[in-house]
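**Student:** Sending over final-v9.txt (compact mmCIF, C-alpha atoms).
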# COMPACT_ATOMS: atom_id res chain seq x y z
CA MET A 127 7.41 23.46 -33.44
CA GLN A 128 8.59 23.26 -37.02
CA VAL A 129 5.72 25.48 -38.11
CA ALA A 130 6.71 28.07 -35.51
CA LYS A 131 10.34 27.98 -36.65
CA SER A 132 9.34 28.23 -40.30
CA ILE A 133 7.68 31.60 -39.62
CA GLY A 134 10.56 32.83 -37.47
CA LEU A 135 8.68 32.93 -34.18
CA GLN A 136 11.86 32.06 -32.26
CA HIS A 137 13.14 35.53 -33.12
CA PRO A 138 10.28 37.67 -31.86
CA ASP A 139 11.90 40.96 -32.76
CA SER A 140 12.76 40.04 -36.32
CA GLY A 141 10.48 40.40 -39.31
CA PRO A 142 9.13 43.26 -41.40
CA SER A 143 8.94 46.62 -39.66
CA LEU A 144 5.56 47.15 -41.33
CA ARG A 145 4.06 44.68 -38.89
CA SER A 146 1.68 46.52 -36.53
CA PRO A 147 2.58 46.73 -32.82
CA GLU A 148 -0.46 44.59 -32.03
CA ALA A 149 0.59 41.89 -34.49
CA ALA A 150 4.16 41.97 -33.17
CA GLN A 151 2.88 41.68 -29.60
CA GLU A 152 0.67 38.78 -30.58
CA ARG A 153 3.62 36.93 -32.12
CA LYS A 154 5.68 37.47 -28.96
CA ASN A 155 2.88 36.18 -26.73
CA VAL A 156 2.44 33.11 -28.94
CA PHE A 157 6.15 32.43 -28.95
CA TYR A 158 6.58 32.75 -25.18
CA SER A 159 3.51 30.57 -24.64
CA LEU A 160 5.02 27.99 -27.00
CA TYR A 161 8.35 28.14 -25.17
CA VAL A 162 6.74 27.67 -21.76
CA LEU A 163 4.51 24.83 -22.97
CA ASP A 164 7.46 23.11 -24.67
CA LYS A 165 9.37 23.01 -21.39
CA ALA A 166 6.29 21.91 -19.45
CA VAL A 167 5.72 18.99 -21.83
CA SER A 168 9.42 18.12 -21.72
CA TRP A 169 9.39 18.11 -17.92
CA THR A 170 6.20 16.13 -17.45
CA ALA A 171 6.89 13.60 -20.20
CA GLY A 172 10.58 13.23 -19.37
CA TRP A 173 11.81 14.09 -22.88
CA SER A 174 14.17 16.73 -24.16
CA ALA A 175 12.61 20.01 -25.27
CA CYS A 176 11.86 20.63 -28.94
CA LEU A 177 12.81 24.32 -28.76
CA PRO A 178 16.20 24.53 -27.03
CA THR A 179 17.08 27.89 -25.46
CA SER A 180 20.25 27.96 -27.53
CA ASP A 181 18.09 28.19 -30.63
CA VAL A 182 15.90 31.10 -29.60
CA ASP A 183 16.34 34.82 -29.25
CA LEU A 184 15.23 35.45 -25.67
CA PRO A 185 15.89 39.03 -24.52
CA THR A 186 18.82 39.54 -22.18
CA ALA A 187 18.67 41.75 -19.14
CA SER A 188 20.41 44.58 -20.94
CA GLN A 189 17.88 44.72 -23.76
CA ASP A 190 14.48 46.25 -23.57
CA PRO A 191 12.95 43.21 -21.96
CA TYR A 192 9.65 41.89 -23.07
CA ASP A 193 7.80 45.02 -24.14
CA ASN A 194 4.18 44.50 -23.18
CA VAL A 195 4.46 40.87 -22.22
CA SER A 196 2.88 40.36 -18.81
CA GLY A 197 5.10 39.97 -15.75
CA HIS A 198 3.49 36.59 -15.14
CA LEU A 199 4.53 35.29 -18.56
CA ILE A 200 8.06 36.65 -18.13
CA ALA A 201 8.37 34.83 -14.79
CA LYS A 202 7.14 31.65 -16.44
CA VAL A 203 9.66 31.97 -19.28
CA LYS A 204 12.53 32.44 -16.84
CA MET A 205 11.41 29.44 -14.80
CA ALA A 206 11.10 27.40 -18.01
CA GLN A 207 14.75 28.22 -18.79
CA ILE A 208 15.79 26.87 -15.40
CA GLN A 209 13.71 23.73 -15.93
CA GLU A 210 15.35 23.12 -19.28
CA GLU A 211 18.79 23.55 -17.74
CA ALA A 212 17.84 21.12 -14.95
CA TYR A 213 16.64 18.53 -17.44
CA VAL A 214 19.70 18.79 -19.71
CA THR A 215 22.28 18.76 -16.90
CA MET A 216 20.66 16.31 -14.49
CA TYR A 217 17.99 14.16 -16.11
CA SER A 218 18.89 13.75 -19.77
CA SER A 219 20.44 10.57 -21.17
CA GLN A 220 23.86 12.23 -21.27
CA ALA A 221 23.54 13.38 -17.68
CA ARG A 222 23.49 9.76 -16.56
CA ARG A 223 27.14 9.45 -17.57
CA LYS A 224 28.24 12.37 -15.41
CA SER A 225 30.29 11.87 -12.31
CA GLU A 226 28.93 12.65 -8.88
CA ALA A 227 31.14 15.71 -8.67
CA GLU A 228 29.81 17.06 -11.97
CA LEU A 229 26.19 16.49 -10.98
CA GLY A 230 26.88 18.10 -7.63
CA GLN A 231 28.18 21.19 -9.42
CA HIS A 232 25.01 21.33 -11.48
CA VAL A 233 22.87 21.06 -8.35
CA SER A 234 24.80 24.03 -6.92
CA SER A 235 24.45 26.18 -10.00
CA LEU A 236 20.75 25.39 -10.49
CA SER A 237 20.07 26.22 -6.86
CA MET A 238 21.69 29.59 -7.42
CA MET A 239 19.50 30.17 -10.46
CA LEU A 240 16.41 29.32 -8.42
CA GLU A 241 17.46 31.63 -5.61
CA LYS A 242 17.96 34.42 -8.13
CA TRP A 243 14.48 33.80 -9.54
CA SER A 244 12.93 33.84 -6.07
CA ALA A 245 14.81 37.04 -5.20
CA GLU A 246 13.29 38.66 -8.29
CA TYR A 247 9.73 37.39 -7.88
CA GLY A 248 9.40 36.32 -4.24
CA ALA A 249 8.05 39.64 -2.97
CA VAL A 250 5.44 39.93 -5.74
CA LEU A 251 4.26 36.36 -5.33
CA GLU A 252 3.85 36.70 -1.59
CA ASP A 253 2.05 40.03 -1.81
CA GLU A 254 -1.68 39.37 -1.71
CA THR A 255 -2.75 42.73 -3.15
CA PRO A 256 -4.18 42.40 -6.68
CA ASN A 257 -1.68 42.97 -9.43
CA GLU A 258 -2.54 43.55 -13.09
CA ASP A 259 0.56 41.75 -14.22
CA PHE A 260 -0.22 38.61 -12.25
CA PRO A 261 -3.72 37.09 -12.58
CA PRO A 262 -5.22 35.97 -9.25
CA CYS A 263 -4.11 32.34 -9.23
CA SER A 264 -0.95 32.81 -11.25
CA LYS A 265 0.97 33.52 -8.04
CA ALA A 266 0.04 30.13 -6.58
CA ASP A 267 0.81 28.55 -9.94
CA LEU A 268 4.29 30.13 -10.07
CA LEU A 269 5.02 29.27 -6.45
CA PHE A 270 4.04 25.67 -7.12
CA THR A 271 6.37 25.58 -10.14
CA PHE A 272 9.21 27.06 -8.09
CA HIS A 273 8.88 24.60 -5.22
CA SER A 274 8.40 21.54 -7.43
CA THR A 275 11.38 22.51 -9.60
CA ARG A 276 13.52 23.00 -6.52
CA MET A 277 12.52 19.53 -5.34
CA MET A 278 13.66 18.04 -8.65
CA VAL A 279 16.98 19.89 -8.33
CA ASP A 280 17.44 18.82 -4.70
CA TRP A 281 16.37 15.22 -5.28
CA PRO A 282 19.88 13.76 -5.67
CA VAL A 283 21.05 15.40 -2.45
CA TYR A 284 17.95 15.42 -0.31
CA LYS A 285 19.36 12.93 2.16
CA GLU A 286 22.03 15.44 3.15
CA SER A 287 20.88 16.74 6.52
CA ASP A 288 20.86 20.36 5.40
CA ASN A 289 18.61 19.67 2.45
CA CYS A 290 16.22 17.07 3.84
CA GLY A 291 14.21 19.67 5.72
CA ARG A 292 13.92 21.94 2.69
CA PHE A 293 12.94 19.02 0.46
CA LEU A 294 10.10 18.01 2.79
CA GLU A 295 9.02 21.61 3.22
CA ASP A 296 8.84 22.06 -0.56
CA ALA A 297 6.69 18.91 -0.83
CA ARG A 298 4.29 20.15 1.85
CA THR A 299 4.12 23.58 0.24
CA CYS A 300 3.25 22.06 -3.14
CA MET A 301 0.35 20.14 -1.59
CA LYS A 302 -0.93 23.27 0.15
CA LEU A 303 -0.74 25.24 -3.08
CA LEU A 304 -2.71 22.59 -4.98
CA LEU A 305 -5.41 22.77 -2.33
CA ARG A 306 -5.39 26.54 -2.53
CA LEU A 307 -5.90 26.40 -6.30
CA TRP A 308 -8.75 23.88 -5.96
CA ASN A 309 -10.45 25.94 -3.26
CA ALA A 310 -10.19 29.26 -5.11
CA THR A 311 -13.71 28.67 -6.35
CA SER A 312 -14.39 32.31 -7.09
CA ASP A 313 -11.69 32.38 -9.73
CA LEU A 314 -12.33 30.46 -12.95
CA GLY A 315 -8.70 30.84 -13.94
CA SER A 316 -7.38 28.60 -11.16
CA TYR A 317 -8.93 25.65 -12.96
CA ALA A 318 -6.89 26.55 -16.01
CA THR A 319 -3.71 25.76 -14.10
CA LEU A 320 -4.79 22.72 -12.05
CA PRO A 321 -4.53 20.12 -14.80
CA ARG A 322 -0.96 21.15 -15.45
CA MET C 208 -0.52 16.31 -11.20
CA SER C 209 -3.28 15.92 -13.73
CA GLN C 210 -6.28 15.35 -11.41
CA ALA C 211 -7.90 17.42 -8.70
CA PRO C 212 -7.60 16.07 -5.15
CA ALA C 213 -10.10 13.26 -4.55
CA ASN C 214 -11.44 14.68 -1.30
CA PRO C 215 -10.88 18.41 -1.03
CA PRO C 216 -11.76 19.90 2.34
CA ARG C 217 -15.32 21.14 2.80
CA SER C 218 -14.44 24.31 4.65
CA GLY C 219 -14.85 27.42 2.51
CA SER C 220 -12.13 29.31 4.29
CA SER C 221 -9.27 27.01 3.43
CA SER C 222 -7.72 29.46 0.96
CA GLN C 223 -5.60 30.69 3.88
CA VAL C 224 -2.50 28.53 3.91
CA ASN C 225 0.77 29.24 5.62
CA LEU C 226 3.58 29.06 3.14
CA PRO C 227 7.28 29.54 3.71
CA SER C 228 8.49 32.92 2.51
CA LEU C 229 10.58 33.06 -0.65
CA THR C 230 12.19 36.28 0.52
CA GLN C 231 13.75 34.72 3.60
CA LYS C 232 17.41 33.91 3.25
CA PRO C 233 17.83 30.16 2.94
CA ASP C 234 18.88 28.78 6.28
CA SER C 235 19.97 25.46 4.87
CA TRP C 236 22.83 24.63 2.60
CA SER C 237 24.22 27.64 0.78
CA PRO C 238 24.94 27.12 -2.91
CA LEU C 239 28.31 28.86 -2.47
CA GLN C 240 29.62 26.05 -0.31
CA THR C 241 31.26 22.92 -1.60
CA PRO C 242 28.76 21.06 -3.78
CA PRO C 243 26.95 18.35 -1.85
CA LYS C 244 27.64 14.68 -2.20
CA LEU C 245 25.13 12.79 -4.28
CA ASN C 246 23.20 9.89 -2.81
CA GLN C 247 21.81 8.37 -5.96
CA SER C 248 21.23 9.01 -9.63
CA PRO C 249 18.16 11.18 -9.89
CA GLY C 250 15.19 9.34 -11.31
CA ARG C 251 14.75 6.36 -13.60
CA GLN C 252 12.96 5.89 -16.88
CA HIS C 253 9.85 3.80 -16.98
CA ILE C 254 8.35 1.62 -19.70
CA VAL C 255 4.60 0.98 -19.74
CA TYR C 256 2.74 -1.40 -22.00
CA ASP C 257 -0.52 0.04 -23.26
CA ALA C 258 -3.71 -1.85 -24.08
CA ASP C 259 -2.33 -2.82 -27.51
CA GLY C 260 0.85 -4.21 -26.02
CA CYS C 261 2.93 -1.33 -27.38
CA GLU C 262 5.73 0.08 -25.28
CA ARG C 263 5.41 3.64 -24.00
CA TYR C 264 8.54 5.31 -22.69
CA PHE C 265 8.39 7.81 -19.83
CA GLY C 266 11.50 9.78 -18.91
CA SER C 267 12.72 10.17 -15.36
CA THR C 268 10.99 13.50 -14.67
CA SER C 269 7.58 12.28 -15.86
CA LEU C 270 4.70 11.67 -13.46
CA ALA C 271 4.49 8.00 -14.51
CA SER C 272 8.16 7.37 -13.67
CA MET C 273 8.09 9.22 -10.37
CA VAL C 274 4.91 7.54 -9.24
CA HIS C 275 6.38 4.16 -10.15
CA GLU C 276 9.56 4.99 -8.24
CA ILE C 277 7.64 6.08 -5.15
CA SER C 278 5.63 2.88 -5.31
CA GLU C 279 8.67 0.62 -5.66
CA CYS C 280 11.22 2.37 -3.45
CA VAL C 281 9.09 3.82 -0.68
CA LEU C 282 5.63 2.38 -0.45
CA ARG C 283 6.29 -1.28 -1.13
CA PRO C 284 8.98 -1.61 1.61
CA LEU C 285 6.69 0.27 4.00
CA SER C 286 3.74 -1.95 3.21
CA MET C 287 5.86 -5.03 3.99
CA ASP C 288 7.10 -3.64 7.29
CA ASP C 289 5.35 -5.61 10.01
CA SER C 290 6.61 -3.42 12.84
CA GLU C 291 4.25 -0.51 12.08
CA ASP C 292 0.77 -1.80 11.21
CA ALA C 293 -0.89 1.55 10.61
CA VAL C 294 1.89 2.76 8.33
CA SER C 295 2.01 -0.56 6.52
CA GLN C 296 -1.73 -0.52 5.89
CA SER C 297 -1.68 3.06 4.66
CA ALA C 298 1.24 2.30 2.35
CA THR C 299 -0.62 -0.71 0.92
CA ILE C 300 -3.71 1.40 0.24
CA VAL C 301 -1.65 4.09 -1.47
CA CYS C 302 0.10 1.43 -3.60
CA GLU C 303 -3.26 0.11 -4.73
CA GLN C 304 -4.50 3.62 -5.55
CA ILE C 305 -1.38 4.28 -7.59
CA ASN C 306 -1.80 1.03 -9.53
CA LEU C 307 -5.42 1.96 -10.18
CA LEU C 308 -4.35 5.37 -11.43
CA SER C 309 -1.79 3.83 -13.75
CA THR C 310 -4.21 1.37 -15.27
CA GLU C 311 -7.04 3.86 -15.67
CA GLU C 312 -5.30 5.67 -18.51
CA GLU C 313 -7.75 5.93 -21.36
CA HIS C 314 -6.64 4.62 -24.70
CA LEU C 315 -6.98 7.42 -27.22
CA GLU C 316 -9.26 6.38 -30.05
CA LEU C 317 -8.98 8.67 -33.03
CA PRO C 318 -11.90 8.70 -35.48
CA GLN C 319 -11.26 6.76 -38.66
CA ASP C 320 -14.35 7.91 -40.55
CA GLY C 321 -12.64 10.87 -42.19
CA SER C 322 -14.86 13.36 -40.37
CA THR C 323 -13.53 16.89 -40.03
CA PRO C 324 -13.74 19.30 -37.10
CA SER C 325 -16.96 21.28 -37.20
CA SER C 326 -17.50 24.92 -36.25
CA PRO C 327 -19.12 25.62 -32.90
CA PRO C 328 -22.51 27.38 -32.93
CA LEU C 329 -22.05 31.13 -33.01
CA ALA C 330 -24.27 31.70 -29.95
CA MET C 331 -22.19 29.37 -27.78
CA LEU C 332 -18.92 30.71 -29.14
CA ASP C 333 -19.96 34.29 -28.53
CA ALA C 334 -20.93 33.48 -24.96
CA MET C 335 -17.53 31.93 -24.19
CA ILE C 336 -15.25 34.62 -25.59
CA ASP C 337 -15.51 37.05 -22.68
CA PRO C 338 -15.13 34.43 -19.89
CA TYR C 339 -12.16 32.90 -21.70
CA PHE C 340 -10.28 36.17 -22.10
CA ALA C 341 -11.26 37.44 -18.67
CA ALA C 342 -10.02 34.43 -16.73
CA ILE C 343 -8.07 31.89 -18.80
CA ASN C 344 -6.11 33.41 -21.67
CA CYS C 345 -4.01 35.48 -19.29
CA TYR C 346 -2.31 32.32 -18.03
CA LEU C 347 -1.08 31.38 -21.48
CA PRO C 348 -1.91 34.08 -24.06
CA ILE C 349 -2.31 32.00 -27.19
CA TRP C 350 -4.73 34.47 -28.80
CA SER C 351 -5.80 38.07 -28.41
CA LYS C 352 -9.45 38.99 -27.97
CA GLU C 353 -9.30 41.33 -30.95
CA GLN C 354 -7.97 38.55 -33.13
CA ILE C 355 -10.70 36.11 -32.14
CA ARG C 356 -13.45 38.71 -32.60
CA ARG C 357 -12.06 39.53 -36.04
CA LEU C 358 -11.98 35.86 -37.07
CA VAL C 359 -15.48 35.19 -35.73
CA ASP C 360 -16.84 38.22 -37.57
CA SER C 361 -15.22 37.27 -40.85
CA ASP C 362 -16.12 33.57 -40.66
CA TYR C 363 -19.70 33.82 -39.39
CA SER C 364 -21.03 37.07 -40.77
CA GLY C 365 -21.14 36.24 -44.47
CA LYS C 366 -24.01 34.45 -46.19
CA VAL C 367 -21.75 31.46 -46.60
CA HIS C 368 -20.09 30.31 -43.39
CA ILE C 369 -16.34 30.08 -44.02
CA GLU C 370 -14.60 27.10 -42.47
CA ASP C 371 -10.87 27.54 -42.19
CA ARG C 372 -9.61 24.46 -40.38
CA ALA C 373 -7.21 26.39 -38.13
CA HIS C 374 -9.97 28.86 -37.19
CA VAL C 375 -12.39 26.03 -36.41
CA ILE C 376 -9.85 24.29 -34.18
CA CYS C 377 -9.03 27.53 -32.37
CA PHE C 378 -12.72 28.28 -31.71
CA SER C 379 -13.44 24.71 -30.64
CA ASN C 380 -10.45 24.49 -28.27
CA MET C 381 -11.26 27.86 -26.75
CA MET C 382 -14.74 26.50 -25.99
CA LEU C 383 -13.25 23.27 -24.62
CA LEU C 384 -10.83 25.06 -22.31
CA THR C 385 -13.53 27.38 -20.96
CA LEU C 386 -16.20 24.72 -20.50
CA THR C 387 -13.79 22.32 -18.79
CA ALA C 388 -12.59 25.03 -16.41
CA LYS C 389 -16.21 25.93 -15.60
CA SER C 390 -17.02 22.27 -14.95
CA LEU C 391 -14.06 21.90 -12.58
CA GLN C 392 -15.04 25.14 -10.85
CA ALA C 393 -18.61 23.90 -10.33
CA ARG C 394 -17.30 20.61 -8.97
CA ALA C 395 -14.98 22.41 -6.53
CA ARG C 396 -17.85 24.62 -5.36
CA SER C 397 -20.08 21.63 -4.77
CA THR C 398 -17.45 19.85 -2.64
CA THR C 399 -16.47 23.02 -0.79
CA HIS C 400 -20.03 23.94 0.07
CA SER C 401 -21.39 20.41 0.42
CA THR C 402 -23.98 20.90 -2.27
CA PRO C 403 -24.71 18.00 -4.60
CA TYR C 404 -23.77 18.53 -8.23
CA GLN C 405 -23.93 14.98 -9.52
CA ALA C 406 -26.61 15.70 -12.15
CA GLY C 407 -24.56 18.61 -13.46
CA PHE C 408 -21.49 16.48 -14.12
CA SER C 409 -23.10 14.32 -16.79
CA MET C 410 -24.64 17.39 -18.45
CA ASP C 411 -21.22 19.08 -18.45
CA PHE C 412 -19.70 16.07 -20.15
CA GLU C 413 -22.44 15.95 -22.79
CA ILE C 414 -21.78 19.58 -23.63
CA ILE C 415 -17.99 19.16 -23.69
CA LYS C 416 -18.09 15.90 -25.73
CA PRO C 417 -18.49 17.47 -29.18
CA PHE C 418 -15.49 19.73 -28.60
CA LEU C 419 -13.41 16.76 -27.47
CA ALA C 420 -14.50 14.99 -30.64
CA ASN C 421 -13.35 18.01 -32.64
CA ALA C 422 -9.93 17.83 -30.99
CA LYS C 423 -9.63 14.15 -31.91
CA ARG C 424 -10.62 14.85 -35.50
CA ALA C 425 -7.98 17.57 -35.63
CA LEU C 426 -5.35 15.11 -34.37
CA GLN C 427 -6.27 12.62 -37.04
CA SER C 428 -5.25 15.06 -39.76
CA LEU C 429 -2.57 17.22 -38.18
CA GLU C 430 -0.74 17.55 -41.47
CA LEU C 431 -3.35 20.12 -42.54
CA LEU C 432 -2.04 22.49 -39.88
CA LEU C 433 1.60 22.42 -40.93
CA SER C 434 1.69 25.26 -43.43
CA PRO C 435 3.65 28.32 -42.20
CA ARG C 436 0.90 30.47 -40.69
CA LEU C 437 0.68 31.98 -37.22
CA ILE C 438 -2.91 30.76 -36.85
CA ASN C 439 -1.69 27.18 -37.41
CA VAL C 440 0.81 27.56 -34.57
CA GLN C 441 -2.00 28.90 -32.38
CA ALA C 442 -4.28 26.01 -33.31
CA LEU C 443 -1.55 23.44 -32.53
CA LEU C 444 -0.72 25.17 -29.22
CA SER C 445 -4.36 25.09 -28.22
CA LEU C 446 -4.52 21.36 -29.07
CA VAL C 447 -1.59 20.69 -26.71
CA ARG C 448 -3.28 22.73 -24.00
CA SER C 449 -6.59 20.94 -24.49
CA SER C 450 -4.89 17.58 -24.32
CA ARG C 451 -3.37 18.42 -20.94
CA TYR C 452 -6.84 19.32 -19.73
CA CYS C 453 -8.42 16.14 -20.91
CA HIS C 454 -5.77 13.66 -19.65
CA TYR C 455 -5.05 12.41 -23.13
CA HIS C 456 -1.46 11.50 -23.82
CA ILE C 457 -1.38 13.06 -27.24
CA SER C 458 1.86 15.01 -26.84
CA PRO C 459 3.73 12.43 -28.99
CA CYS C 460 1.36 13.21 -31.88
CA LEU C 461 2.28 16.87 -31.71
Render the structure in this file as structure tokens.

**Tutor:**
Amino acid sequence: MQVAKSIGLQHPDSGPSLRSPEAAQERKNVFYSLYVLDKAVSWTAGWSACLPTSDVDLPTASQDPYDNVSGHLIAKVKMAQIQEEAYVTMYSSQARRKSEAELGQHVSSLSMMLEKWSAEYGAVLEDETPNEDFPPCSKADLLFTFHSTRMMVDWPVYKESDNCGRFLEDARTCMKLLLRLWNATSDLGSYATLPR
Amino acid sequence: MSQAPANPPRSGSSSQVNLPSLTQKPDSWSPLQTPPKLNQSPGRQHIVYDADGCERYFGSTSLASMVHEISECVLRPLSMDDSEDAVSQSATIVCEQINLLSTEEEHLELPQDGSTPSSPPLAMLDAMIDPYFAAINCYLPIWSKEQIRRLVDSDYSGKVHIEDRAHVICFSNMMLLTLTAKSLQARARSTTHSTPYQAGFSMDFEIIKPFLANAKRALQSLELLLSPRLINVQALLSLVRSSRYCHYHISPCL
């Protein structure tokens, strides 16, 4: 992470203008891959992320978004942001000192973020027609990430009658998606996502 | 999860699964209502003692912690419930499987002989570039095909083979990722179509072993990848990705 910061990767649009478009694109892809992997490691190891969102120059909606970065990678980056927020506000060491009311507020706001993400990507992920921007098994991969993240956000409140059904449904969906990835034997790429 | 399901279904048409639609409006609790009341603090940390007696800490969102929590809070009470024999027996079996999973973690032995990562043979490397970029790189674009081709040409075409450590690690991990994915794919095909592939598994492992060894050698001297170069970042990223493939807990090293 320190190496990436030392070459300014966290500011993908900075740097000499003499850099070729291909080189600039490569740096962006590497940075977004690093960002996504950082959050994935943080989530699965239960540690804080090494590259906090506050320290990076992610494009906002008003800016020219991600240039030629694939739609799949953009979706992953946005989900990684939500995961980081969930970790910091609900599962970090400091979060343990929060009151029930505060944690409840965070559950509400994270659920809204997840709903916004699903509103943006839900239609694409459920559409089975091939899409250049989304490799064949990336849709199942993203759906799995969405449902498993929503479970982690709902965990503190799953016993509430309204949420219990959704929590169980998310769990069943995750299992079905894992089986789908394993059984997609014609696609080598599905085995790239299974270990994660 | 870091392992494929133990007994995937044999039917070849099981890719059709009914999933709830993301585009449906949520019919349960709306986030605009009053925030819900919490039932418990989410998750607990977990400490594990490895083979050397050293403590390993796992945060509350980690697989180790969640599996431990399921085992303690859900399965153990169920397994002690005499009123439902079938449920109790199933819970006991699952508990045992979880304990087996937890104790099966391989202790990572890094080579102490000072050996360095070695370049893959050009023929093998060349054969893996297209499959890797066609099917795997798109999920996490660490490299571009043009970049890899350029590095291979410059490193292998001269009379003297150039060995830049970062290049070697990139080539080796690209091979590792592709070969491991192919091995998993072959295993899935054999279980889906009921064809035996036992002999192939050991051959796969023999082919993958040298690239795993390269990854371990790279970990032993990570400091050589810390100079400010993009290729070093790419090499380190690929090491993290390879480690997640190979069930090694080497994230702390990186």

**Student:** Considering only C-alpha atoms, state which residue in the set A:Cys263, A:Cys290, A:Gly230, A:Leu269 is at the smallest distance from chain C.

**Tutor:** A:Gly230

**Student:** Quick check, in Å to one decimal: how far apart do atom CA of Pro324 of chain C and atom CA of Ala425 of chain C lie?

**Tutor:** 6.2 Å

**Student:** To one decimal place, how far is atom CA of Pro348 of chain C from atom CA of Ser159 of chain A in Å?

**Tutor:**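 Atom CA of Ser159 of chain A lies at a distance of 6.5 Å from atom CA of Pro348 of chain C.
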
**Student:** Which residue out of A:Glu211, A:Glu226, A:Asp164, A:Asp181 has the minimum interatomic distance to chain C when only C-alpha atoms are used?

**Tutor:**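 Once distances to chain C are computed over only C-alpha atoms, the minimum belongs to A:Glu226.
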
**Student:** Between A:Val250, A:Ala245, A:Ala297, A:Ile200, which residue has the minimum interatomic distance to chain C, considering only C-alpha atoms?

**Tutor:** A:Ala245

**Student:** Using all atoms listed in the file, what residues lie at most 10 Å away from (10.9, 22.0, -3.3) (file coordinates), given as a PyMOL selection string?

**Tutor:** chain A and resi 269-281+289+291-300

**Student:** Put those residues in a file: C-alpha atoms, as a CSV table (one decimal), in the frame of the given file.

**Tutor:**
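Result went into part-v9.csv, see below:
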chain,number,residue,atom,x,y,z
A,269,LEU,CA,5.0,29.3,-6.4
A,270,PHE,CA,4.0,25.7,-7.1
A,271,THR,CA,6.4,25.6,-10.1
A,272,PHE,CA,9.2,27.1,-8.1
A,273,HIS,CA,8.9,24.6,-5.2
A,274,SER,CA,8.4,21.5,-7.4
A,275,THR,CA,11.4,22.5,-9.6
A,276,ARG,CA,13.5,23.0,-6.5
A,277,MET,CA,12.5,19.5,-5.3
A,278,MET,CA,13.7,18.0,-8.6
A,279,VAL,CA,17.0,19.9,-8.3
A,280,ASP,CA,17.4,18.8,-4.7
A,281,TRP,CA,16.4,15.2,-5.3
A,289,ASN,CA,18.6,19.7,2.4
A,291,GLY,CA,14.2,19.7,5.7
A,292,ARG,CA,13.9,21.9,2.7
A,293,PHE,CA,12.9,19.0,0.5
A,294,LEU,CA,10.1,18.0,2.8
A,295,GLU,CA,9.0,21.6,3.2
A,296,ASP,CA,8.8,22.1,-0.6
A,297,ALA,CA,6.7,18.9,-0.8
A,298,ARG,CA,4.3,20.2,1.8
A,299,THR,CA,4.1,23.6,0.2
A,300,CYS,CA,3.2,22.1,-3.1

**Student:** Residues at most 9 Å from Ser174 of chain A, counting all atoms listed in the file, excluding those fewer than 5 positions away in the same chain, as a list in words?

**Tutor:** Lys165, Ser168, Trp169, Glu210, Tyr213, Val214 and Ser218 of chain A

**Student:** If you measure from atom CA of Cys261 of chain C to atom CA of Met273 of chain C, what distance in Å do you get, rounded to one decimal?

**Tutor:**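 Calculated distance between atom CA of Cys261 of chain C and atom CA of Met273 of chain C is 20.7 Å.
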
**Student:** Quick one: residues within 8 Å of segment 352-364 of chain C, only C-alpha atoms, excluding same-chain residues fewer than 5 positions away - as a ChimeraX atom specification?

**Tutor:** /C:329,336,340,369-370,374

**Student:** Restricting the calculation to all atoms listed in the file: of C:Cys377, C:Met287, C:Leu429, C:Leu437, which residue gets closest to chain A?

**Tutor:**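 The answer is C:Leu437, which sits nearest to chain A.
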
**Student:** Do a neighbour search on Val195 of chain A at 9 Å with all atoms listed in the file, toss out local chain neighbours closer than 4 positions, and write the hits as a PyMOL selection string.

**Tutor:** chain A and resi 151+154-155+158+191+199-200+259

**Student:** In terms of the shortest atom-to-atom distance over only C-alpha atoms, which of A:Ser225, A:Thr170, A:Ser180, A:Ser219 is closest to chain C?

**Tutor:** A:Thr170

**Student:** Out of A:Met239, A:Ala249, A:Ala150, A:Met301, which residue has the shortest atom-to-atom distance to Lys204 of chain A when counting all atoms listed in the file?

**Tutor:**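 That would be A:Met239, the residue with the smallest distance to Lys204 of chain A.
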
**Student:** If you count only C-alpha atoms, which residues fall within 9 Å of Val440 of chain C, apart from same-chain ones fewer than 3 positions away, as a PyMOL selection string?

**Tutor:** (chain A and resi 127+129-130+156+160) or (chain C and resi 373+432-433+435-437+443-445)

**Student:** So that I have them on file, write out the residues from the current selection with C-alpha atoms, as a compact mmCIF listing (two decimals), keeping the file's coordinate frame.

**Tutor:**
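again-v9.txt was written with the following content:
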# COMPACT_ATOMS: atom_id res chain seq x y z
CA MET A 127 7.41 23.46 -33.44
CA VAL A 129 5.72 25.48 -38.11
CA ALA A 130 6.71 28.07 -35.51
CA VAL A 156 2.44 33.11 -28.94
CA LEU A 160 5.02 27.99 -27.00
CA ALA C 373 -7.21 26.39 -38.13
CA LEU C 432 -2.04 22.49 -39.88
CA LEU C 433 1.60 22.42 -40.93
CA PRO C 435 3.65 28.32 -42.20
CA ARG C 436 0.90 30.47 -40.69
CA LEU C 437 0.68 31.98 -37.22
CA LEU C 443 -1.55 23.44 -32.53
CA LEU C 444 -0.72 25.17 -29.22
CA SER C 445 -4.36 25.09 -28.22
